[in-house]
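Input: a single structure, listed below in structure tokens.
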Amino acid sequence: MIQPYARQLRACGLLVVIVLITQAQAQAQPGSRLWATGGVTTVEGSAGGGLVPWALLSGYASDTEWGGTLALSRAELDDFTLGFTGVSLNWRNRFELSAGRQTLDLDTLGAALGQDELRQDIYGLKVRLTGDVLYGRYGQWSLGLQHKRNREFAVPAAVGARHDTGTDAFLAGSKLFFAALMNRNVLANVTLRGTKANQGGLLGFGGDQGDDYEAMLEASLGIFLDRRWLAGVEYRQKPDNLGFAEEHDWYDLFLVWLPDRRLAVTAAWVNLGDIAGLSDQRGAYLSLQGSF
Amino acid sequence: MSNLTILERPWPLLLLLTLATLGCQNHSPSPTETRATAEQNASAGAGLATADQSADLYDALGKRDGIERLVEDLMHFIVDDKRIAPQFKGLNVERFHSNLSDQICELAGGPCQYEGMAMTESHHGITETQFNALVEDLILAMEKNGIATGTQNRLLAKLAPLHPAIVDR
């Protein structure tokens with residue numbers, strides 16, 4: 001009983017910090033890159049959309065600046081609740097460091113499994129290799145790592161997961177096409193990820209049906225209605241290493257509102273498919289991000 | 001398990017197709033297509049009185065007058081912008097105004113010719129930060145002049161290719 005309250009308290013605390021940051025810097029802007037060119041915070045902490053990391057680096061630091069983000073996200077699915085709380089730093093739009101905690105509340109399965117939630121810590125590094133999302137002829141390309149560590153491994157082990165830690169590596173390309181569709185700017189992103197993670201790592205890494213790195217394709221497409229509103233769609237291919245239940249690819253439709261650089265609010269409809277045998281896990285996603 | 005056909009889950013294919021289509025569009029833009037989609041229902045703000053379905057970018061920006069007003073507002077934003085104001089210190093304000101107006105007018109397809117220095121000549125040691133700051137100021141100036149989002153994007157599309165000539169690598 002104690003734990004959920006403690007987490008709510010932490011979440012509220014972070015919310016207060018996000019609001020304070022955006023207020024305290026009433027005049028100072030968090031960086032010089034143009035609106036939304038840092039994307040938002042994904043459920044794994046890297047800058048991107050909701051489910052897919054993009055080549056964009058978090059926040060708004062340009063080549064002579066540094067900055068970062070704080071984020072709080074939650075997806076209320078049919079039988080689970082997915083949450084993420086994290087922080088990121090961006091140094092000169094070259095390196096992005098991120099750290100955060102992901103939780104999956106086992107709303108329906110909890111009693112049967114004798115466990116309320118699954119948690120993992122995720123540490124991320126992203127390096128912009130070349131290009132610029134706005135001005136690069138071939139867009140912007142980045143290489144990323146996400147090191148994930150399960151905090152509870154009993155359930156993943158019981159369903160056949162082989163490891164309680166894993167590291168994903170990804171190559172991402174992002175490009176903005178000016179006035180591409182009805183004179184609106186279109187943001188396209190493709191990500192190739194090498195991973196062993198089951199359900200993003202929440203159900204451990206590797207399994208009875210496979211324990212090798214597999215290449216997964218992820219993609220996002222968004223359109224800027226104006227500079228404050230970005231609407232889009234994401235797709236994330238996933239491996240299927242556990243024999244006890246089928247794992248599905250992830251999808252989402254998202255809408256981001258950026259009243260200014262310091263705050264981003266993301267609402268989405270997410271479809272995470274079957275999770276641990278419970279079918280069609282869909283729901284609403286909400287994420288708040290403050291930039292400094 | 002084996003019933004995951006592409007027909008049941010067509011999103012990845014659709015996304016890739018859309019991406020491919022966009023990529024092609026970008027490489028071979030058709031002028032007629034661009035004109036056809038030009039601001040059909042642009043909320044006509046200041047300087048947009050002449051914008052209609054067939055209006056080109058020059059008209060949408062309010063012709064020479066609109067462009068000159070835009071550049072004047074841009075210069076006000078620049079002066080107030082600590083990130084780039086020092087770079088413009090000591091500049092001949094009138095010549096800068098007329099040169100930049102010429103340049104935007106020409107890029108927008110208007111009856112002007114830019115006769116100032118080449119971009120590589122007039123810019124030295126410009127950082128990405130400063131370039132971004134200038135684009136931000138331009139967007140704010142366009143918003144101040146009531147230029148519709150689609151028109152803003154079309155002008156940015158014309159200006160973006162200047163980036164490599166302006167920013168130091």
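Chain labels follow the order of the structure tokens: the first chain is A, the next B, and so on; residue numbering restarts at 1 in every chain, and ligands are counted from 1 in their shown order.
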10 Å contacts from chain A to chain B using only C-alpha atoms, as a PDB file with N, CA and C atoms, in the first residue's frame:
ATOM      1  N   GLY A  31      17.004  27.494 -24.838  1.00  0.00           N
ATOM      2  CA  GLY A  31      17.983  27.198 -25.878  1.00  0.00           C
ATOM      3  C   GLY A  31      17.541  27.847 -27.165  1.00  0.00           C
ATOM      4  N   SER A  32      18.379  27.733 -28.195  1.00  0.00           N
ATOM      5  CA  SER A  32      18.114  28.493 -29.414  1.00  0.00           C
ATOM      6  C   SER A  32      17.536  27.677 -30.563  1.00  0.00           C
ATOM      7  N   ARG A  33      17.481  26.351 -30.428  1.00  0.00           N
ATOM      8  CA  ARG A  33      16.912  25.610 -31.546  1.00  0.00           C
ATOM      9  C   ARG A  33      15.421  25.909 -31.663  1.00  0.00           C
ATOM     10  N   LEU A  34      14.920  25.774 -32.876  1.00  0.00           N
ATOM     11  CA  LEU A  34      13.535  26.177 -33.114  1.00  0.00           C
ATOM     12  C   LEU A  34      12.551  25.258 -32.396  1.00  0.00           C
ATOM     13  N   TRP A  35      11.358  25.760 -32.229  1.00  0.00           N
ATOM     14  CA  TRP A  35      10.290  25.070 -31.512  1.00  0.00           C
ATOM     15  C   TRP A  35      10.139  23.625 -31.995  1.00  0.00           C
ATOM     16  N   ALA A  61      19.136  23.013 -26.708  1.00  0.00           N
ATOM     17  CA  ALA A  61      20.511  23.493 -26.792  1.00  0.00           C
ATOM     18  C   ALA A  61      20.997  23.463 -28.235  1.00  0.00           C
ATOM     19  N   SER A  62      21.586  24.571 -28.677  1.00  0.00           N
ATOM     20  CA  SER A  62      22.226  24.608 -29.991  1.00  0.00           C
ATOM     21  C   SER A  62      23.729  24.447 -29.796  1.00  0.00           C
ATOM     22  N   ASP A  63      24.527  24.750 -30.821  1.00  0.00           N
ATOM     23  CA  ASP A  63      25.937  24.330 -30.787  1.00  0.00           C
ATOM     24  C   ASP A  63      26.823  25.051 -29.777  1.00  0.00           C
ATOM     25  N   THR A  64      26.306  26.103 -29.125  1.00  0.00           N
ATOM     26  CA  THR A  64      27.116  26.763 -28.097  1.00  0.00           C
ATOM     27  C   THR A  64      26.441  26.675 -26.729  1.00  0.00           C
ATOM     28  N   GLU A  65      25.416  25.830 -26.618  1.00  0.00           N
ATOM     29  CA  GLU A  65      24.586  25.849 -25.409  1.00  0.00           C
ATOM     30  C   GLU A  65      24.462  24.448 -24.801  1.00  0.00           C
ATOM     31  N   ARG A  92      25.445  20.875 -26.270  1.00  0.00           N
ATOM     32  CA  ARG A  92      25.769  21.440 -27.580  1.00  0.00           C
ATOM     33  C   ARG A  92      25.121  20.723 -28.757  1.00  0.00           C
ATOM     34  N   ASN A  93      23.941  20.189 -28.536  1.00  0.00           N
ATOM     35  CA  ASN A  93      23.232  19.488 -29.597  1.00  0.00           C
ATOM     36  C   ASN A  93      24.110  18.411 -30.226  1.00  0.00           C
ATOM     37  N   ASP A 132      21.418  18.015 -39.844  1.00  0.00           N
ATOM     38  CA  ASP A 132      20.504  18.843 -39.073  1.00  0.00           C
ATOM     39  C   ASP A 132      19.095  18.558 -39.577  1.00  0.00           C
ATOM     40  N   LEU A 134      16.494  20.296 -39.774  1.00  0.00           N
ATOM     41  CA  LEU A 134      15.875  21.323 -40.610  1.00  0.00           C
ATOM     42  C   LEU A 134      16.685  21.597 -41.870  1.00  0.00           C
ATOM     43  N   TYR A 135      18.011  21.689 -41.721  1.00  0.00           N
ATOM     44  CA  TYR A 135      18.834  22.231 -42.812  1.00  0.00           C
ATOM     45  C   TYR A 135      19.706  21.192 -43.495  1.00  0.00           C
ATOM     46  N   GLY A 136      19.812  20.006 -42.909  1.00  0.00           N
ATOM     47  CA  GLY A 136      20.630  18.982 -43.534  1.00  0.00           C
ATOM     48  C   GLY A 136      19.935  18.435 -44.772  1.00  0.00           C
ATOM     49  N   ARG A 137      20.691  18.303 -45.852  1.00  0.00           N
ATOM     50  CA  ARG A 137      20.097  17.803 -47.081  1.00  0.00           C
ATOM     51  C   ARG A 137      19.527  16.400 -46.875  1.00  0.00           C
ATOM     52  N   LYS A 175      14.089  14.023 -40.555  1.00  0.00           N
ATOM     53  CA  LYS A 175      14.162  15.168 -41.463  1.00  0.00           C
ATOM     54  C   LYS A 175      12.827  15.892 -41.509  1.00  0.00           C
ATOM     55  N   PHE A 177      10.498  18.266 -43.695  1.00  0.00           N
ATOM     56  CA  PHE A 177      10.261  18.730 -45.068  1.00  0.00           C
ATOM     57  C   PHE A 177       9.394  19.985 -44.984  1.00  0.00           C
ATOM     58  N   PHE A 178       9.981  21.118 -45.381  1.00  0.00           N
ATOM     59  CA  PHE A 178       9.245  22.380 -45.304  1.00  0.00           C
ATOM     60  C   PHE A 178       8.098  22.393 -46.318  1.00  0.00           C
ATOM     61  N   ALA A 179       6.953  22.876 -45.871  1.00  0.00           N
ATOM     62  CA  ALA A 179       5.800  23.083 -46.758  1.00  0.00           C
ATOM     63  C   ALA A 179       5.535  21.871 -47.641  1.00  0.00           C
ATOM     64  N   ALA A 180       5.597  20.677 -47.047  1.00  0.00           N
ATOM     65  CA  ALA A 180       5.534  19.452 -47.847  1.00  0.00           C
ATOM     66  C   ALA A 180       4.113  18.977 -48.117  1.00  0.00           C
ATOM     67  N   LEU A 181       3.211  19.247 -47.193  1.00  0.00           N
ATOM     68  CA  LEU A 181       1.852  18.739 -47.349  1.00  0.00           C
ATOM     69  C   LEU A 181       0.880  19.858 -46.988  1.00  0.00           C
ATOM     70  N   MET A 182       0.109  20.300 -47.965  1.00  0.00           N
ATOM     71  CA  MET A 182      -0.789  21.442 -47.773  1.00  0.00           C
ATOM     72  C   MET A 182      -0.032  22.624 -47.161  1.00  0.00           C
ATOM     73  N   ASN A 183       1.204  22.782 -47.618  1.00  0.00           N
ATOM     74  CA  ASN A 183       2.097  23.849 -47.140  1.00  0.00           C
ATOM     75  C   ASN A 183       2.428  23.739 -45.657  1.00  0.00           C
ATOM     76  N   ARG A 184       2.201  22.569 -45.094  1.00  0.00           N
ATOM     77  CA  ARG A 184       2.597  22.358 -43.710  1.00  0.00           C
ATOM     78  C   ARG A 184       3.927  21.602 -43.684  1.00  0.00           C
ATOM     79  N   ASN A 185       4.711  21.840 -42.623  1.00  0.00           N
ATOM     80  CA  ASN A 185       5.990  21.150 -42.480  1.00  0.00           C
ATOM     81  C   ASN A 185       5.760  19.725 -41.977  1.00  0.00           C
ATOM     82  N   VAL A 186       6.457  18.799 -42.581  1.00  0.00           N
ATOM     83  CA  VAL A 186       6.277  17.391 -42.236  1.00  0.00           C
ATOM     84  C   VAL A 186       7.576  16.837 -41.661  1.00  0.00           C
ATOM     85  N   LEU A 187       7.474  16.156 -40.534  1.00  0.00           N
ATOM     86  CA  LEU A 187       8.631  15.567 -39.866  1.00  0.00           C
ATOM     87  C   LEU A 187       8.594  14.054 -40.042  1.00  0.00           C
ATOM     88  N   ALA A 188       9.634  13.532 -40.660  1.00  0.00           N
ATOM     89  CA  ALA A 188       9.689  12.088 -40.883  1.00  0.00           C
ATOM     90  C   ALA A 188      10.855  11.504 -40.103  1.00  0.00           C
ATOM     91  N   ASN A 189      10.668  10.317 -39.585  1.00  0.00           N
ATOM     92  CA  ASN A 189      11.708   9.676 -38.800  1.00  0.00           C
ATOM     93  C   ASN A 189      11.734   8.176 -39.035  1.00  0.00           C
ATOM     94  N   VAL A 190      12.936   7.639 -39.177  1.00  0.00           N
ATOM     95  CA  VAL A 190      13.107   6.192 -39.279  1.00  0.00           C
ATOM     96  C   VAL A 190      14.169   5.770 -38.267  1.00  0.00           C
ATOM     97  N   LEU A 217      12.432  -2.296 -36.946  1.00  0.00           N
ATOM     98  CA  LEU A 217      12.199  -1.037 -37.644  1.00  0.00           C
ATOM     99  C   LEU A 217      11.153  -0.205 -36.899  1.00  0.00           C
ATOM    100  N   GLU A 218      11.456   1.054 -36.757  1.00  0.00           N
ATOM    101  CA  GLU A 218      10.505   1.953 -36.116  1.00  0.00           C
ATOM    102  C   GLU A 218      10.383   3.195 -36.978  1.00  0.00           C
ATOM    103  N   ALA A 219       9.213   3.795 -37.001  1.00  0.00           N
ATOM    104  CA  ALA A 219       9.038   4.976 -37.861  1.00  0.00           C
ATOM    105  C   ALA A 219       7.974   5.895 -37.289  1.00  0.00           C
ATOM    106  N   SER A 220       8.139   7.175 -37.596  1.00  0.00           N
ATOM    107  CA  SER A 220       7.162   8.177 -37.173  1.00  0.00           C
ATOM    108  C   SER A 220       6.966   9.160 -38.299  1.00  0.00           C
ATOM    109  N   LEU A 221       5.780   9.696 -38.355  1.00  0.00           N
ATOM    110  CA  LEU A 221       5.479  10.721 -39.345  1.00  0.00           C
ATOM    111  C   LEU A 221       4.581  11.746 -38.669  1.00  0.00           C
ATOM    112  N   PHE A 224       3.267  19.448 -38.751  1.00  0.00           N
ATOM    113  CA  PHE A 224       3.095  20.640 -37.920  1.00  0.00           C
ATOM    114  C   PHE A 224       1.890  21.428 -38.431  1.00  0.00           C
ATOM    115  N   LEU A 225       0.822  21.469 -37.643  1.00  0.00           N
ATOM    116  CA  LEU A 225      -0.348  22.262 -38.035  1.00  0.00           C
ATOM    117  C   LEU A 225       0.062  23.728 -38.021  1.00  0.00           C
ATOM    118  N   ASP A 226       0.783  24.122 -36.991  1.00  0.00           N
ATOM    119  CA  ASP A 226       1.552  25.367 -36.986  1.00  0.00           C
ATOM    120  C   ASP A 226       2.721  25.103 -36.053  1.00  0.00           C
ATOM    121  N   ARG A 227       3.453  26.136 -35.625  1.00  0.00           N
ATOM    122  CA  ARG A 227       4.662  25.799 -34.869  1.00  0.00           C
ATOM    123  C   ARG A 227       4.373  25.311 -33.453  1.00  0.00           C
ATOM    124  N   VAL A 233       1.863   9.990 -36.214  1.00  0.00           N
ATOM    125  CA  VAL A 233       1.635   8.576 -36.017  1.00  0.00           C
ATOM    126  C   VAL A 233       2.987   7.890 -35.839  1.00  0.00           C
ATOM    127  N   GLU A 234       3.005   6.826 -35.048  1.00  0.00           N
ATOM    128  CA  GLU A 234       4.250   6.094 -34.822  1.00  0.00           C
ATOM    129  C   GLU A 234       4.015   4.593 -34.924  1.00  0.00           C
ATOM    130  N   TYR A 235       5.049   3.913 -35.325  1.00  0.00           N
ATOM    131  CA  TYR A 235       5.022   2.453 -35.390  1.00  0.00           C
ATOM    132  C   TYR A 235       6.330   1.922 -34.832  1.00  0.00           C
ATOM    133  N   ARG A 236       6.257   0.864 -34.051  1.00  0.00           N
ATOM    134  CA  ARG A 236       7.467   0.262 -33.484  1.00  0.00           C
ATOM    135  C   ARG A 236       7.369  -1.258 -33.562  1.00  0.00           C
ATOM    136  N   GLN A 237       8.245  -1.821 -34.347  1.00  0.00           N
ATOM    137  CA  GLN A 237       8.299  -3.274 -34.482  1.00  0.00           C
ATOM    138  C   GLN A 237       8.944  -3.874 -33.241  1.00  0.00           C
ATOM    139  N   ALA A 245       3.505 -16.106 -24.316  1.00  0.00           N
ATOM    140  CA  ALA A 245       2.491 -15.201 -24.866  1.00  0.00           C
ATOM    141  C   ALA A 245       3.089 -14.456 -26.055  1.00  0.00           C
ATOM    142  N   GLU A 246       2.267 -14.168 -27.016  1.00  0.00           N
ATOM    143  CA  GLU A 246       2.730 -13.473 -28.207  1.00  0.00           C
ATOM    144  C   GLU A 246       2.973 -11.992 -27.904  1.00  0.00           C
ATOM    145  N   GLU A 247       4.009 -11.439 -28.514  1.00  0.00           N
ATOM    146  CA  GLU A 247       4.289 -10.005 -28.342  1.00  0.00           C
ATOM    147  C   GLU A 247       3.973  -9.289 -29.648  1.00  0.00           C
ATOM    148  N   HIS A 248       3.324  -8.151 -29.548  1.00  0.00           N
ATOM    149  CA  HIS A 248       2.890  -7.420 -30.748  1.00  0.00           C
ATOM    150  C   HIS A 248       3.671  -6.127 -30.947  1.00  0.00           C
ATOM    151  N   ASP A 249       3.607  -5.618 -32.173  1.00  0.00           N
ATOM    152  CA  ASP A 249       4.200  -4.316 -32.462  1.00  0.00           C
ATOM    153  C   ASP A 249       3.367  -3.217 -31.799  1.00  0.00           C
ATOM    154  N   TYR A 251       1.845   0.817 -31.751  1.00  0.00           N
ATOM    155  CA  TYR A 251       1.416   1.948 -32.588  1.00  0.00           C
ATOM    156  C   TYR A 251       0.954   3.085 -31.699  1.00  0.00           C
TER     157      TYR A 251
END
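For A:Thr37, the non-local neighbours within 10 Å, defined as residues at least 5 positions apart in the same chain or in other chains and counting only C-alpha atoms, are A:Ala47, A:Gly48, A:Leu56, A:Leu57, A:Ser58, A:Gly59, A:Tyr60, A:Ala61, A:Asp132, A:Val133, A:Leu134, A:Leu176, A:Leu187, A:Arg261.
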- [ ] Find the residues near stretch 104-109 of chain B: any atom within 12 Å, counting only C-alpha atoms, skip ones fewer than 2 places away on the same chain, and give them as a PyMOL selection string.
- [x] chain B and resi 31+55-71+97-102+111-115+138+151-162
TODO: Extract, using only C-alpha atoms, all DNA, RNA and protein residues at most 6 Å from A:Arg193, discarding same-chain residues fewer than 2 positions from it, and format them as a PyMOL selection string.
DONE: chain A and resi 169-170+215-216
Keeping C-alpha atoms, export the residues of the selection given above as a PDB file, in the first residue's frame.
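Generated file (selection25.pdb):
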ATOM      1  CA  ALA A 169      21.362   0.223 -29.819  1.00  0.00           C
ATOM      2  CA  PHE A 170      19.677   2.301 -32.487  1.00  0.00           C
ATOM      3  CA  ALA A 215      16.920  -5.619 -35.939  1.00  0.00           C
ATOM      4  CA  MET A 216      13.618  -3.831 -35.498  1.00  0.00           C
TER       5      MET A 216
END
TODO: Among the residues of stretch 122-234 of chain A, find those DSSP assigns to alpha helix (DSSP H) from the backbone and print them as a PyMOL selection string.
DONE: chain A and resi 154-158
